[in-house]
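**Q** Got a structure for you, protein.csv, holding CSV, C-alpha atoms.
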chain,number,residue,atom,x,y,z
A,1,MET,CA,-0.4,0.2,-19.4
A,2,LEU,CA,2.8,2.0,-18.5
A,3,LYS,CA,5.3,-0.3,-16.8
A,4,THR,CA,6.5,1.3,-13.6
A,5,TRP,CA,8.5,0.2,-10.6
A,6,ARG,CA,8.5,1.3,-6.9
A,7,TRP,CA,12.0,2.6,-6.2
A,8,PHE,CA,13.1,3.9,-2.8
A,9,GLY,CA,15.4,6.7,-3.9
A,10,LYS,CA,19.1,7.3,-4.5
A,11,LYS,CA,20.0,4.9,-1.6
A,12,ASP,CA,18.0,2.0,-3.1
A,13,LYS,CA,20.2,-1.0,-3.8
A,14,ILE,CA,18.3,-1.5,-7.0
A,15,SER,CA,19.7,1.1,-9.4
A,16,LEU,CA,17.8,3.0,-12.2
A,17,ALA,CA,20.3,1.5,-14.7
A,18,MET,CA,19.1,-2.0,-13.6
A,19,LEU,CA,15.5,-1.0,-14.0
A,20,LYS,CA,16.1,0.5,-17.5
A,21,GLN,CA,17.6,-2.9,-18.6
A,22,ILE,CA,14.6,-4.9,-17.6
A,23,GLY,CA,12.1,-2.8,-19.5
A,24,VAL,CA,10.8,-0.4,-16.7
A,25,GLU,CA,9.4,2.8,-18.2
A,26,GLY,CA,8.4,4.9,-15.2
A,27,ILE,CA,9.4,5.3,-11.6
A,28,VAL,CA,7.2,5.3,-8.6
A,29,THR,CA,8.9,7.0,-5.7
A,30,ALA,CA,8.8,9.7,-3.0
A,31,LEU,CA,11.0,12.0,-1.0
A,32,HIS,CA,11.5,9.4,1.7
A,33,ASP,CA,13.9,11.6,3.8
A,34,VAL,CA,11.3,14.3,4.4
A,35,PRO,CA,9.5,13.8,7.7
A,36,ASN,CA,5.8,13.3,7.6
A,37,GLY,CA,3.9,16.5,7.6
A,38,GLU,CA,6.7,18.7,6.3
A,39,VAL,CA,6.6,20.5,3.0
A,40,TRP,CA,8.2,18.9,0.0
A,41,GLN,CA,10.4,21.7,-1.4
A,42,LEU,CA,10.3,22.4,-5.1
A,43,GLU,CA,14.0,22.2,-5.5
A,44,ASP,CA,14.1,18.7,-3.9
A,45,ILE,CA,11.3,17.5,-6.1
A,46,VAL,CA,13.1,18.8,-9.2
A,47,ASP,CA,16.4,17.3,-8.1
A,48,MET,CA,14.8,13.8,-7.8
A,49,LYS,CA,12.9,14.3,-11.1
A,50,GLU,CA,16.1,15.2,-13.0
A,51,TYR,CA,18.0,12.3,-11.4
A,52,ILE,CA,15.4,9.9,-12.7
A,53,GLU,CA,15.2,11.5,-16.2
A,54,ASP,CA,19.0,11.5,-16.5
A,55,ALA,CA,18.7,7.7,-16.3
A,56,GLY,CA,16.2,7.7,-19.3
A,57,LEU,CA,13.1,7.2,-17.1
A,58,LYS,CA,10.2,9.2,-15.9
A,59,TRP,CA,8.9,10.0,-12.4
A,60,SER,CA,5.4,8.7,-13.1
A,61,VAL,CA,3.8,8.4,-9.7
A,62,VAL,CA,4.4,9.7,-6.2
A,63,GLU,CA,4.0,6.9,-3.7
A,64,SER,CA,3.5,8.2,-1.2
A,65,LEU,CA,2.9,11.7,-0.1
A,66,PRO,CA,1.9,10.5,3.4
A,67,VAL,CA,-1.2,11.8,5.1
A,68,SER,CA,-0.3,12.7,8.7
A,69,GLU,CA,-2.1,11.0,11.5
A,70,ALA,CA,-3.5,14.2,12.9
A,71,ILE,CA,-5.3,14.7,9.6
A,72,LYS,CA,-6.8,11.3,9.9
A,73,TYR,CA,-8.0,11.6,13.5
A,74,GLY,CA,-8.8,15.3,13.2
A,75,GLY,CA,-6.2,16.6,15.7
A,76,GLU,CA,-5.4,20.2,16.5
A,77,ALA,CA,-2.6,20.3,13.9
A,78,CYS,CA,-5.0,19.1,11.1
A,79,ASP,CA,-5.4,22.3,9.2
A,80,ARG,CA,-1.7,23.3,9.4
A,81,LEU,CA,-0.7,19.8,8.1
A,82,ILE,CA,-3.3,20.0,5.3
A,83,GLY,CA,-1.8,23.4,4.4
A,84,ASN,CA,1.6,21.8,4.2
A,85,TYR,CA,0.2,19.1,2.1
A,86,ILE,CA,-1.4,21.6,-0.3
A,87,VAL,CA,2.0,23.4,-0.7
A,88,SER,CA,3.7,20.0,-1.5
A,89,LEU,CA,1.0,19.2,-4.1
A,90,ALA,CA,1.5,22.6,-5.7
A,91,ASN,CA,5.3,22.0,-5.8
A,92,LEU,CA,4.7,18.6,-7.4
A,93,GLY,CA,2.4,20.3,-9.9
A,94,GLU,CA,5.0,22.9,-10.7
A,95,ALA,CA,7.5,20.1,-11.4
A,96,GLY,CA,5.0,18.4,-13.8
A,97,ILE,CA,4.2,15.4,-11.6
A,98,ARG,CA,0.5,14.6,-11.8
A,99,THR,CA,-0.3,11.3,-10.0
A,100,VAL,CA,-0.1,10.9,-6.2
A,101,CYS,CA,-0.9,7.6,-4.5
A,102,TYR,CA,-1.8,7.9,-0.8
A,103,ASN,CA,-3.7,6.0,1.9
A,104,PHE,CA,-6.0,6.9,4.7
A,105,MET,CA,-5.3,3.9,7.0
A,106,PRO,CA,-5.0,4.8,10.7
A,107,VAL,CA,-1.6,4.1,12.3
A,108,ILE,CA,-0.6,1.1,10.3
A,109,ASP,CA,-0.1,1.0,6.5
A,110,TRP,CA,-0.1,-2.7,5.8
A,111,VAL,CA,0.0,-5.8,7.9
A,112,ARG,CA,1.7,-9.2,7.7
A,113,THR,CA,2.9,-11.6,10.4
A,114,ASP,CA,5.6,-13.4,8.4
A,115,LEU,CA,7.9,-11.7,5.9
A,116,ASP,CA,9.6,-15.0,4.9
A,117,TYR,CA,7.0,-17.7,4.4
A,118,LYS,CA,8.8,-20.6,2.7
A,119,TRP,CA,7.6,-22.3,-0.5
A,120,LYS,CA,8.6,-25.8,-1.6
A,121,ASP,CA,10.6,-24.3,-4.5
A,122,GLY,CA,12.9,-22.4,-2.1
A,123,THR,CA,11.3,-19.0,-2.6
A,124,SER,CA,9.5,-17.1,0.1
A,125,SER,CA,6.7,-14.5,0.3
A,126,LEU,CA,4.6,-12.4,2.7
A,127,TYR,CA,2.0,-14.1,4.9
A,128,PHE,CA,-0.8,-13.1,7.3
A,129,ASP,CA,-1.5,-15.6,10.1
A,130,LYS,CA,-4.8,-14.7,11.8
A,131,VAL,CA,-3.9,-16.6,15.0
A,132,ARG,CA,-0.5,-14.9,15.4
A,133,PHE,CA,-2.0,-11.5,14.7
A,134,ALA,CA,-4.6,-12.1,17.4
A,135,TYR,CA,-1.8,-13.2,19.7
A,136,PHE,CA,0.0,-9.9,18.9
A,137,GLU,CA,-3.1,-7.9,19.8
A,138,ILE,CA,-4.1,-9.8,23.0
A,139,TYR,CA,-0.8,-10.7,24.6
A,140,ILE,CA,1.8,-8.2,23.2
A,141,LEU,CA,-0.3,-5.0,22.7
A,142,GLU,CA,-2.7,-6.1,25.5
A,143,ARG,CA,-5.4,-4.1,23.6
A,144,GLU,CA,-8.5,-3.8,25.7
A,145,GLY,CA,-11.4,-5.6,24.2
A,146,ALA,CA,-9.3,-7.3,21.5
A,147,GLU,CA,-10.8,-10.7,22.4
A,148,LYS,CA,-14.2,-9.5,21.2
A,149,ASP,CA,-12.9,-9.2,17.6
A,150,TYR,CA,-12.1,-12.9,17.3
A,151,SER,CA,-14.1,-16.2,17.2
A,152,PRO,CA,-13.9,-18.8,20.0
A,153,GLU,CA,-12.0,-21.0,17.6
A,154,ILE,CA,-9.3,-18.4,17.0
A,155,LEU,CA,-9.1,-17.5,20.7
A,156,ALA,CA,-8.6,-21.2,21.6
A,157,LYS,CA,-5.7,-21.4,19.1
A,158,VAL,CA,-4.2,-18.2,20.6
A,159,GLU,CA,-4.2,-19.8,24.0
A,160,GLU,CA,-2.5,-22.9,22.6
A,161,LEU,CA,0.1,-20.6,20.9
A,162,ASN,CA,0.7,-18.8,24.2
A,163,LYS,CA,1.9,-22.0,25.8
A,164,THR,CA,4.6,-22.6,23.2
A,165,ILE,CA,5.7,-19.3,21.7
A,166,THR,CA,9.2,-18.2,22.5
A,167,GLN,CA,10.5,-14.8,23.4
A,168,ALA,CA,12.4,-14.8,20.1
A,169,GLU,CA,9.2,-15.4,18.2
A,170,LYS,CA,7.5,-12.6,20.1
A,171,ASP,CA,10.3,-10.2,19.2
A,172,LYS,CA,10.1,-11.3,15.6
A,173,LEU,CA,6.4,-10.7,15.6
A,174,VAL,CA,6.9,-7.1,16.9
A,175,ASP,CA,9.6,-6.5,14.4
A,176,THR,CA,7.4,-7.8,11.5
A,177,VAL,CA,4.1,-6.1,12.4
A,178,ILE,CA,5.4,-2.8,13.7
A,179,VAL,CA,9.0,-2.1,12.5
A,180,LYS,CA,9.9,-3.7,9.2
A,181,THR,CA,6.6,-3.1,7.4
A,182,GLN,CA,6.0,0.4,8.7
A,183,GLY,CA,9.3,2.3,9.2
A,184,PHE,CA,10.3,2.3,5.5
A,185,VAL,CA,6.8,3.5,4.5
A,186,ASN,CA,6.2,6.5,6.7
A,187,GLY,CA,8.7,6.5,9.6
A,188,ASN,CA,5.9,6.6,12.2
A,189,ILE,CA,7.0,3.8,14.4
A,190,THR,CA,10.8,3.4,14.4
A,191,SER,CA,12.1,6.3,16.4
A,192,ALA,CA,15.0,5.3,18.8
A,193,ASP,CA,13.6,7.1,21.8
A,194,GLN,CA,10.8,4.7,22.5
A,195,HIS,CA,10.2,1.0,22.3
A,196,PRO,CA,8.1,0.2,19.2
A,197,VAL,CA,5.2,-1.3,21.2
A,198,THR,CA,5.1,1.8,23.5
A,199,LYS,CA,5.0,4.2,20.6
A,200,PHE,CA,2.5,2.0,18.7
A,201,LYS,CA,0.1,2.0,21.7
A,202,LYS,CA,0.3,5.8,21.9
A,203,LEU,CA,-0.6,6.1,18.2
A,204,LEU,CA,-3.5,3.7,18.7
A,205,ALA,CA,-4.8,5.9,21.6
A,206,LEU,CA,-5.0,8.9,19.3
A,207,TYR,CA,-8.0,7.2,17.7
A,208,ASP,CA,-10.0,6.7,20.8
A,209,GLY,CA,-13.6,7.7,19.9
A,210,ILE,CA,-12.9,7.8,16.1
A,211,ASP,CA,-15.3,5.4,14.4
A,212,LYS,CA,-15.9,4.7,10.7
A,213,ASP,CA,-18.2,7.7,10.2
A,214,ALA,CA,-15.8,10.0,11.9
A,215,LEU,CA,-12.8,8.8,9.8
A,216,ARG,CA,-14.9,9.1,6.7
A,217,GLN,CA,-15.8,12.7,7.5
A,218,ASN,CA,-12.1,13.5,8.2
A,219,MET,CA,-11.2,12.0,4.8
A,220,LYS,CA,-13.9,14.0,3.1
A,221,TYR,CA,-12.7,17.2,4.7
A,222,PHE,CA,-9.1,16.5,3.6
A,223,LEU,CA,-10.1,15.8,0.1
A,224,GLU,CA,-12.3,18.9,-0.1
A,225,GLN,CA,-9.4,21.1,1.1
A,226,ILE,CA,-6.9,19.7,-1.5
A,227,MET,CA,-9.1,19.5,-4.6
A,228,PRO,CA,-8.6,23.1,-5.6
A,229,VAL,CA,-4.9,22.7,-5.9
A,230,CYS,CA,-5.3,19.3,-7.6
A,231,ASP,CA,-7.7,20.9,-10.1
A,232,GLU,CA,-5.3,23.8,-10.7
A,233,TYR,CA,-2.4,21.5,-11.6
A,234,GLY,CA,-4.3,18.4,-12.9
A,235,ILE,CA,-3.0,16.2,-10.1
A,236,ASN,CA,-4.7,12.8,-9.7
A,237,MET,CA,-5.1,11.8,-6.1
A,238,CYS,CA,-5.5,8.0,-6.0
A,239,VAL,CA,-6.3,6.4,-2.7
A,240,HIS,CA,-4.9,2.9,-2.0
A,241,PRO,CA,-7.2,0.3,-0.5
A,242,ASP,CA,-6.7,-0.8,3.1
A,243,ASP,CA,-4.3,-3.7,3.4
A,244,PRO,CA,-5.7,-6.1,4.4
A,245,PRO,CA,-9.2,-4.9,3.6
A,246,PHE,CA,-10.8,-5.7,7.0
A,247,GLN,CA,-10.9,-4.2,10.5
A,248,LEU,CA,-7.8,-4.5,12.7
A,249,LEU,CA,-6.6,-3.3,16.1
A,250,GLY,CA,-10.0,-1.8,16.9
A,251,LEU,CA,-9.4,0.9,14.2
A,252,PRO,CA,-11.8,1.9,11.5
A,253,ARG,CA,-10.9,0.9,8.0
A,254,ILE,CA,-12.8,2.8,5.3
A,255,VAL,CA,-11.4,1.6,1.9
A,256,THR,CA,-12.1,-2.1,2.1
A,257,ASN,CA,-14.8,-3.0,-0.4
A,258,GLU,CA,-17.1,-1.7,-3.2
A,259,GLU,CA,-19.4,0.2,-0.9
A,260,ASP,CA,-16.4,2.0,0.7
A,261,ILE,CA,-14.9,3.0,-2.7
A,262,ASN,CA,-18.3,4.2,-3.9
A,263,TRP,CA,-18.7,6.3,-0.9
A,264,LEU,CA,-15.3,8.1,-1.1
A,265,LEU,CA,-15.6,8.7,-4.9
A,266,ASN,CA,-19.1,10.2,-4.5
A,267,ALA,CA,-18.4,12.1,-1.3
A,268,VAL,CA,-16.0,14.3,-3.2
A,269,ASN,CA,-17.1,13.7,-6.8
A,270,HIS,CA,-14.2,15.4,-8.6
A,271,PRO,CA,-12.2,14.0,-11.5
A,272,CYS,CA,-9.0,14.4,-9.4
A,273,ASN,CA,-10.4,12.2,-6.7
A,274,GLY,CA,-9.5,8.7,-7.8
A,275,LEU,CA,-8.4,5.2,-6.9
A,276,THR,CA,-5.2,3.2,-6.9
A,277,PHE,CA,-6.6,-0.2,-7.9
A,278,CYS,CA,-4.6,-2.6,-5.8
A,279,ALA,CA,-5.7,-6.1,-6.9
A,280,GLY,CA,-3.6,-7.7,-4.1
A,281,SER,CA,-5.1,-5.7,-1.2
A,282,LEU,CA,-8.6,-6.1,-2.5
A,283,SER,CA,-8.1,-9.8,-3.1
A,284,ALA,CA,-7.3,-10.5,0.5
A,285,GLY,CA,-11.0,-9.7,1.4
A,286,LEU,CA,-13.5,-12.6,0.9
A,287,GLN,CA,-16.1,-9.9,0.2
A,288,ASN,CA,-14.4,-8.6,-2.9
A,289,ASP,CA,-14.8,-9.8,-6.5
A,290,VAL,CA,-11.7,-8.2,-7.9
A,291,PRO,CA,-12.5,-8.3,-11.7
A,292,GLU,CA,-16.0,-7.0,-11.1
A,293,MET,CA,-14.6,-4.1,-9.0
A,294,ALA,CA,-12.1,-3.4,-11.8
A,295,LYS,CA,-15.0,-3.1,-14.3
A,296,LYS,CA,-17.0,-0.8,-11.9
A,297,PHE,CA,-14.1,1.6,-11.1
A,298,ALA,CA,-12.0,1.5,-14.3
A,299,SER,CA,-12.9,5.1,-15.2
A,300,ARG,CA,-12.0,6.5,-11.8
A,301,THR,CA,-8.7,4.4,-11.5
A,302,LYS,CA,-5.5,6.5,-11.9
A,303,PHE,CA,-2.9,3.9,-10.9
A,304,VAL,CA,-2.8,0.1,-10.8
A,305,HIS,CA,-1.0,-2.3,-8.4
A,306,LEU,CA,-0.7,-5.8,-9.8
A,307,ARG,CA,-0.4,-8.6,-7.3
A,308,SER,CA,-2.6,-11.4,-6.0
A,309,THR,CA,-3.3,-13.4,-2.8
A,310,ASN,CA,-4.7,-16.7,-1.8
A,311,ILE,CA,-7.1,-16.8,1.1
A,312,LEU,CA,-6.8,-20.1,3.1
A,313,SER,CA,-9.6,-22.0,4.7
A,314,ASN,CA,-8.5,-21.0,8.2
A,315,GLY,CA,-8.7,-17.2,7.3
A,316,ASP,CA,-5.0,-16.7,6.7
A,317,PHE,CA,-3.8,-15.2,3.4
A,318,VAL,CA,-0.6,-15.5,1.5
A,319,GLU,CA,0.9,-13.6,-1.5
A,320,ALA,CA,0.3,-15.6,-4.6
A,321,ASN,CA,2.1,-16.1,-7.9
A,322,HIS,CA,1.2,-13.2,-10.2
A,323,LEU,CA,-0.5,-15.7,-12.6
A,324,GLU,CA,-2.7,-17.2,-9.9
A,325,GLY,CA,-4.8,-16.4,-6.9
A,326,LYS,CA,-7.9,-14.4,-6.1
A,327,GLY,CA,-6.6,-11.2,-7.8
A,328,HIS,CA,-7.3,-12.7,-11.2
A,329,LEU,CA,-4.7,-10.5,-12.8
A,330,ILE,CA,-5.3,-11.8,-16.3
A,331,ASP,CA,-8.9,-10.6,-16.1
A,332,VAL,CA,-8.0,-7.4,-14.4
A,333,ILE,CA,-5.4,-6.5,-17.0
A,334,ARG,CA,-7.9,-7.3,-19.8
A,335,ILE,CA,-10.4,-4.9,-18.2
A,336,PHE,CA,-7.9,-2.0,-17.8
A,337,GLU,CA,-6.4,-2.5,-21.2
A,338,LYS,CA,-9.8,-2.2,-22.7
A,339,GLU,CA,-11.3,0.5,-20.5
A,340,ASN,CA,-8.3,2.7,-19.4
A,341,PRO,CA,-5.2,1.5,-21.2
A,342,LYS,CA,-2.8,4.4,-20.5
A,343,LEU,CA,-2.7,3.9,-16.8
A,344,PRO,CA,0.6,3.5,-15.0
A,345,MET,CA,0.9,0.1,-13.3
A,346,ARG,CA,3.5,-1.6,-11.2
A,347,VAL,CA,4.0,-5.1,-10.1
A,348,ASP,CA,3.9,-5.5,-6.4
A,349,HIS,CA,5.3,-7.8,-3.6
A,350,GLY,CA,7.4,-10.2,-5.6
A,351,ARG,CA,8.8,-13.4,-4.1
A,352,LEU,CA,12.2,-13.5,-2.4
A,353,MET,CA,14.3,-15.7,-4.7
A,354,LEU,CA,17.8,-16.5,-6.0
A,355,ASP,CA,20.3,-14.2,-4.3
A,356,ASP,CA,17.8,-11.6,-3.2
A,357,GLY,CA,17.8,-12.8,0.4
A,358,ASP,CA,21.0,-11.2,1.6
A,359,LYS,CA,20.5,-7.8,-0.1
A,360,GLY,CA,18.5,-6.2,2.6
A,361,TYR,CA,15.6,-5.2,0.4
A,362,ASN,CA,12.4,-3.8,1.9
A,363,PRO,CA,9.8,-6.5,2.6
A,364,GLY,CA,8.0,-7.5,-0.6
A,365,TYR,CA,10.3,-5.4,-2.8
A,366,SER,CA,13.0,-7.8,-3.9
A,367,PHE,CA,14.6,-7.4,-7.3
A,368,HIS,CA,14.4,-10.8,-8.9
A,369,GLY,CA,11.0,-11.6,-7.6
A,370,ARG,CA,9.5,-8.4,-9.0
A,371,MET,CA,11.5,-8.9,-12.2
A,372,LEU,CA,9.9,-12.3,-12.7
A,373,ALA,CA,6.5,-10.8,-11.9
A,374,LEU,CA,7.1,-8.0,-14.4
A,375,GLY,CA,7.9,-10.5,-17.1
A,376,GLN,CA,4.8,-12.5,-16.3
A,377,VAL,CA,2.6,-9.3,-16.4
A,378,GLU,CA,4.3,-8.0,-19.5
A,379,GLY,CA,3.4,-11.3,-21.3
A,380,ILE,CA,-0.2,-11.0,-20.2
A,381,ILE,CA,-0.4,-7.4,-21.4
A,382,ALA,CA,1.1,-8.3,-24.8
A,383,THR,CA,-1.4,-11.1,-25.2
A,384,VAL,CA,-4.4,-9.0,-24.2
A,385,GLN,CA,-3.4,-6.2,-26.5
A,386,ASN,CA,-3.0,-8.6,-29.4
A,387,ASN,CA,-6.4,-10.1,-28.7
A,388,LEU,CA,-8.0,-6.6,-28.5
A,389,ARG,CA,-6.4,-5.7,-31.9
A,390,GLN,CA,-7.9,-8.8,-33.5
A,391,LYS,CA,-11.4,-8.0,-32.4
Any chance you could give the structure as structure tokens?
**A**
Amino acid sequence: MLKTWRWFGKKDKISLAMLKQIGVEGIVTALHDVPNGEVWQLEDIVDMKEYIEDAGLKWSVVESLPVSEAIKYGGEACDRLIGNYIVSLANLGEAGIRTVCYNFMPVIDWVRTDLDYKWKDGTSSLYFDKVRFAYFEIYILEREGAEKDYSPEILAKVEELNKTITQAEKDKLVDTVIVKTQGFVNGNITSADQHPVTKFKKLLALYDGIDKDALRQNMKYFLEQIMPVCDEYGINMCVHPDDPPFQLLGLPRIVTNEEDINWLLNAVNHPCNGLTFCAGSLSAGLQNDVPEMAKKFASRTKFVHLRSTNILSNGDFVEANHLEGKGHLIDVIRIFEKENPKLPMRVDHGRLMLDDGDKGYNPGYSFHGRMLALGQVEGIIATVQNNLRQK
């Protein structure tokens, strides 16, 4: 597989020269300064592509060309925004960029409650605490009916937490769930004119009456509209699974398991409609056998994210070492190296370690943690390739 790295543009504190030195071959990036829904201009795409190529690398994958909320909930601006999306895809095609990772998650891209979960070795990673997230829904968002989504045991623990949680902890929870994990992804939440919780509630309200079937139909409509331009330029659209792969905030989630993926690939059965196989996201769902899913969807996978999680007995999950956890990355790599070996892949969500802590990196995107993960994964790939050659 092609070794790629998610890079956040010319302002990223991790330089392309650093990535070249550690064996990265391709870059995964986006035009992060372009507001959601606006057209990516050809000259801006070419400028970024040439900047990457001048460093001896290749712009391998766009992650992401965001799908605007109005497309997801089917708002009045839906067709206009799809039109802009089509123009952006055509411009990417003109520039020779052929793989686009995107998601169809309503409002919130990925969710954690702790961005600095400490390990005994001094490193830290991302963590999802089910009780704290329930507290966030019930007491901070005050979402109507949120209690119905949780067991009596979880609700009892929420009440205990409510007796001891400090204002500083509440503020940190808001910053973690809404601001730090969302603003750098798509800019939906962090405008200065509104408190994050206020704006977040308004975004949630846009999905009143939108259930799983409605969201599926909106996704199908979106894909049907963009497939002609994808076909013209040979652009692979690869949807990212929901992270985590279960229902949250009363919102429908439609890329959570094998049945969901089967549906979306068959609903628009076109070779340009494919999957980003994120072993980490999928592994956070008890329902998912990650290696079996890799086997089933290898031929429709266009991009691979390699990370892993451990699900704890209380329902929490934590980012695992890349050699461990429910993602079973050794098995997953073996499957893709055998079935679809030329895919771009990137390691994902490395530990915060060494002197990464004071660099201000985006959550999950430290340098040394991902460099360690890349070394681990590179070793797995080399071993798998050697074994395949001997057979």
**Q** Got a sec: who's within 12 Å of Arg253 (chain A), counting all atoms listed in the file, leaving out chain neighbours fewer than 6 positions off, as a ChimeraX atom specification?
**A** /A:72,103-110,207,210-216,219,240-247,260-261
**Q** Excluding Asn162 (chain A) and any residue of its chain fewer than 2 positions from it, enumerate the residues within 12 Å of it, using all atoms listed in the file, and give them as a PyMOL selection string.
**A** chain A and resi 131-132+134-136+138-140+155-160+164-167+169-170
**Q** Keeping only C-alpha atoms, write the selected residues as a PDB file, keeping the file's coordinate frame.
**A**
ATOM      1  CA  VAL A 131      -3.900 -16.600  15.000  1.00  0.00           C
ATOM      2  CA  ARG A 132      -0.500 -14.900  15.400  1.00  0.00           C
ATOM      3  CA  ALA A 134      -4.600 -12.100  17.400  1.00  0.00           C
ATOM      4  CA  TYR A 135      -1.800 -13.200  19.700  1.00  0.00           C
ATOM      5  CA  PHE A 136       0.000  -9.900  18.900  1.00  0.00           C
ATOM      6  CA  ILE A 138      -4.100  -9.800  23.000  1.00  0.00           C
ATOM      7  CA  TYR A 139      -0.800 -10.700  24.600  1.00  0.00           C
ATOM      8  CA  ILE A 140       1.800  -8.200  23.200  1.00  0.00           C
ATOM      9  CA  LEU A 155      -9.100 -17.500  20.700  1.00  0.00           C
ATOM     10  CA  ALA A 156      -8.600 -21.200  21.600  1.00  0.00           C
ATOM     11  CA  LYS A 157      -5.700 -21.400  19.100  1.00  0.00           C
ATOM     12  CA  VAL A 158      -4.200 -18.200  20.600  1.00  0.00           C
ATOM     13  CA  GLU A 159      -4.200 -19.800  24.000  1.00  0.00           C
ATOM     14  CA  GLU A 160      -2.500 -22.900  22.600  1.00  0.00           C
ATOM     15  CA  THR A 164       4.600 -22.600  23.200  1.00  0.00           C
ATOM     16  CA  ILE A 165       5.700 -19.300  21.700  1.00  0.00           C
ATOM     17  CA  THR A 166       9.200 -18.200  22.500  1.00  0.00           C
ATOM     18  CA  GLN A 167      10.500 -14.800  23.400  1.00  0.00           C
ATOM     19  CA  GLU A 169       9.200 -15.400  18.200  1.00  0.00           C
ATOM     20  CA  LYS A 170       7.500 -12.600  20.100  1.00  0.00           C
TER      21      LYS A 170
END
**Q** Could you give me, as a PyMOL selection string, the residues within 7 Å of Phe317 (chain A), counting only C-alpha atoms and dropping anything in the same chain fewer than 5 positions from it?
**A** chain A and resi 127-128+284+309-312
**Q** For Met371 (chain A), which residue among A:Ser124, A:Leu31, A:Ile22, A:Ser308 is the nearest when counting only C-alpha atoms?
**A** A:Ile22
**Q** Closest to Thr123 (chain A) among A:Gly209, A:Pro35, A:Pro252, A:Gly369, using all atoms listed in the file?
**A**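 Closest to Thr123 (chain A) of all the choices is A:Gly369.
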**Q** Quick one: residues within 12 Å of Val318 (chain A), all atoms listed in the file, excluding same-chain residues fewer than 4 positions away - as a ChimeraX atom specification?
**A** /A:111-119,124-130,244,280-281,283-285,307-314,324-327,349-351,364
**Q** Identify which of the residues A:Ala77, A:Ile333, A:Leu306, A:Leu275 lies closest to Pro291 (chain A), counting only C-alpha atoms when measuring atom-to-atom distances.
**A**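 Answer, going by the shortest atom-to-atom distance: A:Ile333.
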**Q** Which one of A:Val332, A:Ala95, A:Leu89, A:Asn321 sits closest to Cys278 (chain A) if you count all atoms listed in the file?
**A**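 When distances to Cys278 (chain A) are compared using all atoms listed in the file, the smallest one comes from A:Val332.
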**Q** Rounded to one decimal, what separation in Å do you get between CA of Leu372 (chain A) and CA of Asp356 (chain A)?
**A**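 Separation of CA of Leu372 (chain A) and CA of Asp356 (chain A): 12.4 Å.
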**Q** When you draw a straight line from CA of Lys20 (chain A) to CA of Cys238 (chain A), how long is it in Å?
**A**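 So the answer is 25.6 Å.
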**Q** So, counting all atoms listed in the file, which residue among A:Ile45, A:Ala320, A:Ser60, A:Asn236 is closest to Pro344 (chain A)?
**A** A:Ser60
**Q** Between CA of Leu92 (chain A) and CA of Trp40 (chain A), measure the distance and give it in Å to one decimal.
**A**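 If I compute the distance from CA of Leu92 (chain A) to CA of Trp40 (chain A), I get 8.2 Å.
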**Q** Which is closer to Val24 (chain A) than all the others in A:Asp79, A:Glu378, A:Glu137, A:Glu232, using all atoms listed in the file?
**A**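 Selected residue with least distance to Val24 (chain A): A:Glu378.
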**Q** With only C-alpha atoms as the counted atoms, please give the residues lying no more than 9 Å from Val347 (chain A), apart from itself and same-chain residues fewer than 3 positions off, as a list in words.
**A** Lys3, Thr4, Trp5, Arg6, Val304, His305, Leu306, Arg307, His322, Gly350, Arg370, Met371, Ala373, Leu374 and Val377 of chain A
**Q** Around (-5.1, -5.4, -25.8) in the file's frame, which residues reach within 9 Å when counting all atoms listed in the file? Return as an MDAnalysis selection string?
**A** chainID A and resid 333:334 337:338 341 381:390
